[in-house]
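Q: Let me begin by handing over the structure; questions about it come next.
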Amino acid sequence: MDTKIFTDGSSLGNPGPGGFCAIIETKDGNHVAKGGEIDTTNNRMEMAGIIAGLNFLRKNMPQITECAIYSDSSLIIQSMKEGWKRKKNKDLWEQIDKLIVQFKKIDWNWIRGHAGHPQNTKADKIAVEEAEKQQKLARTGKTPAHKTSIAKKTTTQDPLQMSLI
C-alpha cells in the first residue's frame with residue numbers, strides 16, 4: 001500500500017500525562033501529527049495516534065482511500081481485526097469508527113514495540129516527548145487539573161487540532 005500510518009501513544013503513569021504520534025507516509029512525503037493530554041492512559045493515546053493519522057489524511061489528502069496502519073497496540077489491532085470487545089474509551093472508538101468508513105480499505109498491522117522498527121521508534125520518541133510536555137505543563141500549573149477529552153479542544157493538540165512537523 002502506498003500510504004502507511006505508524007502510530008504510538010505514551011502515558012507517564014497510567015493514568016498520567018500522555019502523548020501520541022502518527023507518522024503518515026505517502027507518495028508525496030512524510031507528515032507527523034502529534035499531541036497530548038494532561039491526564040490520560042496509554043490506550044487512549046494509542047487510539048489518539050490512529051485518529052490523528054486518519055484525520056490528517058481525510059483533511060489534507062481526501063483522494064487517498066486506502067492505507068495501512070501500523071501500531072504496537074495489540075488491543076487496537078485485535079479489536080479491529082478480530083472484533084475484540086470494546087470495554088473502555090467508547091468515545092475514541094466512536095471517532096475511529098466514523099473515520100474508517102471514509103476509506104475504501106484499511107490494513108491493520110501489529111508491530112512489536114521497542115524492537116528497532118525505525119518508524120515505530122520515531123513515533124514512540126515523539127509520543128514520549130509530547131507526554132513530557134504535558135507533564136511539564138502540569139507541574140507549572142498552566143493546564144486545567146481536570147481530565148480533558150480527545151474529542152474536545154485540549155490544552156495542547158488533539159487529533160482534530162494536531163500540530164504537524
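We label chains A, B, ... in the order they appear in the C-alpha cells, count residues from 1 in each chain, and number ligands from 1 in the order shown.
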Taking only chain A into account, list the residues labelled alpha helix (DSSP H) by DSSP (computed from the backbone), as a ChimeraX atom specification.
A: /A:42-60,74-82,90-100,118-140
Q: For range 16-24 of chain A, work out the shell of residues within 8 Å, counting only C-alpha atoms and skipping chain neighbours fewer than 4 positions away, then give it as a ChimeraX atom specification.
A: /A:3-12,30-42,45-46,48-50,52-53,119,123-124,126-132,134-135,138
Q: Go ahead and compute the interatomic distance for CA of Glu82 in chain A and CA of Ile100 in chain A, in Å to one decimal.
A: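 Atom-to-atom, CA of Glu82 in chain A to CA of Ile100 in chain A, that is 15.7 Å.
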Q: Between CA of Gly13 in chain A and CA of Lys98 in chain A, what is the distance, to one decimal in Å?
A: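 Interatomic distance here is 29.2 Å.
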Q: Run DSSP on the backbone and give me the residues of chain A it puts in strand (DSSP E), as a PyMOL selection string.
A: chain A and resi 4-11+16-26+29-40+66-71+105-110+163-164
Q: Could you save those same residues with C-alpha atoms as a PDB file, in the first residue's frame?
A:
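Wrote it out as selection-v4.pdb, contents follow:
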ATOM      1  CA  LYS A   4       1.209   3.982   5.668  1.00  0.00           C
ATOM      2  CA  ILE A   5       0.458   5.334   9.124  1.00  0.00           C
ATOM      3  CA  PHE A   6       2.778   4.414  12.005  1.00  0.00           C
ATOM      4  CA  THR A   7       1.338   5.303  15.408  1.00  0.00           C
ATOM      5  CA  ASP A   8       2.277   5.221  19.041  1.00  0.00           C
ATOM      6  CA  GLY A   9       0.995   6.514  22.349  1.00  0.00           C
ATOM      7  CA  SER A  10       2.666   7.166  25.670  1.00  0.00           C
ATOM      8  CA  SER A  11       1.475   7.809  29.201  1.00  0.00           C
ATOM      9  CA  GLY A  16      -0.895  10.403  33.797  1.00  0.00           C
ATOM     10  CA  PRO A  17       0.348  12.940  31.278  1.00  0.00           C
ATOM     11  CA  GLY A  18       0.228  11.434  27.802  1.00  0.00           C
ATOM     12  CA  GLY A  19       1.265  11.995  24.219  1.00  0.00           C
ATOM     13  CA  PHE A  20       0.603  10.478  20.829  1.00  0.00           C
ATOM     14  CA  CYS A  21       2.171  10.472  17.385  1.00  0.00           C
ATOM     15  CA  ALA A  22       1.187   9.426  13.883  1.00  0.00           C
ATOM     16  CA  ILE A  23       3.773   9.284  11.130  1.00  0.00           C
ATOM     17  CA  ILE A  24       1.959   9.409   7.804  1.00  0.00           C
ATOM     18  CA  GLU A  25       3.975   8.157   4.822  1.00  0.00           C
ATOM     19  CA  THR A  26       2.572   8.989   1.375  1.00  0.00           C
ATOM     20  CA  GLY A  29       6.333  12.661   1.532  1.00  0.00           C
ATOM     21  CA  ASN A  30       6.131  12.097   5.264  1.00  0.00           C
ATOM     22  CA  HIS A  31       3.988  14.003   7.748  1.00  0.00           C
ATOM     23  CA  VAL A  32       3.760  13.881  11.529  1.00  0.00           C
ATOM     24  CA  ALA A  33       0.678  14.522  13.641  1.00  0.00           C
ATOM     25  CA  LYS A  34       1.193  14.732  17.400  1.00  0.00           C
ATOM     26  CA  GLY A  35      -0.417  15.944  20.584  1.00  0.00           C
ATOM     27  CA  GLY A  36      -1.317  15.003  24.109  1.00  0.00           C
ATOM     28  CA  GLU A  37      -3.477  15.221  27.196  1.00  0.00           C
ATOM     29  CA  ILE A  38      -2.714  16.183  30.762  1.00  0.00           C
ATOM     30  CA  ASP A  39      -4.415  13.183  32.401  1.00  0.00           C
ATOM     31  CA  THR A  40      -4.902  10.123  30.249  1.00  0.00           C
ATOM     32  CA  GLU A  66      -6.573   3.106   1.164  1.00  0.00           C
ATOM     33  CA  CYS A  67      -3.917   2.930   3.841  1.00  0.00           C
ATOM     34  CA  ALA A  68      -2.087   0.576   6.147  1.00  0.00           C
ATOM     35  CA  ILE A  69      -1.947   1.300   9.862  1.00  0.00           C
ATOM     36  CA  TYR A  70       0.935   0.006  11.984  1.00  0.00           C
ATOM     37  CA  SER A  71       0.593   0.027  15.756  1.00  0.00           C
ATOM     38  CA  LYS A 105      -9.625  -0.186   2.596  1.00  0.00           C
ATOM     39  CA  ILE A 106      -7.515  -0.105   5.755  1.00  0.00           C
ATOM     40  CA  ASP A 107      -4.991  -2.825   6.577  1.00  0.00           C
ATOM     41  CA  TRP A 108      -4.432  -3.178  10.326  1.00  0.00           C
ATOM     42  CA  ASN A 109      -0.916  -4.338  11.254  1.00  0.00           C
ATOM     43  CA  TRP A 110       0.616  -5.072  14.628  1.00  0.00           C
ATOM     44  CA  SER A 163       0.478  20.030  15.042  1.00  0.00           C
ATOM     45  CA  LEU A 164       2.442  18.986  12.019  1.00  0.00           C
TER      46      LEU A 164
END
Q: Between CA of Thr65 in chain A and CA of Met1 in chain A, measure the distance and give it in Å to one decimal.
A: 10.7 Å
Q: Closest to Met47 in chain A among A:Lys90, A:Lys59, A:Lys27, A:Lys85, using only C-alpha atoms?
A: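 Nearest to Met47 in chain A: A:Lys90.
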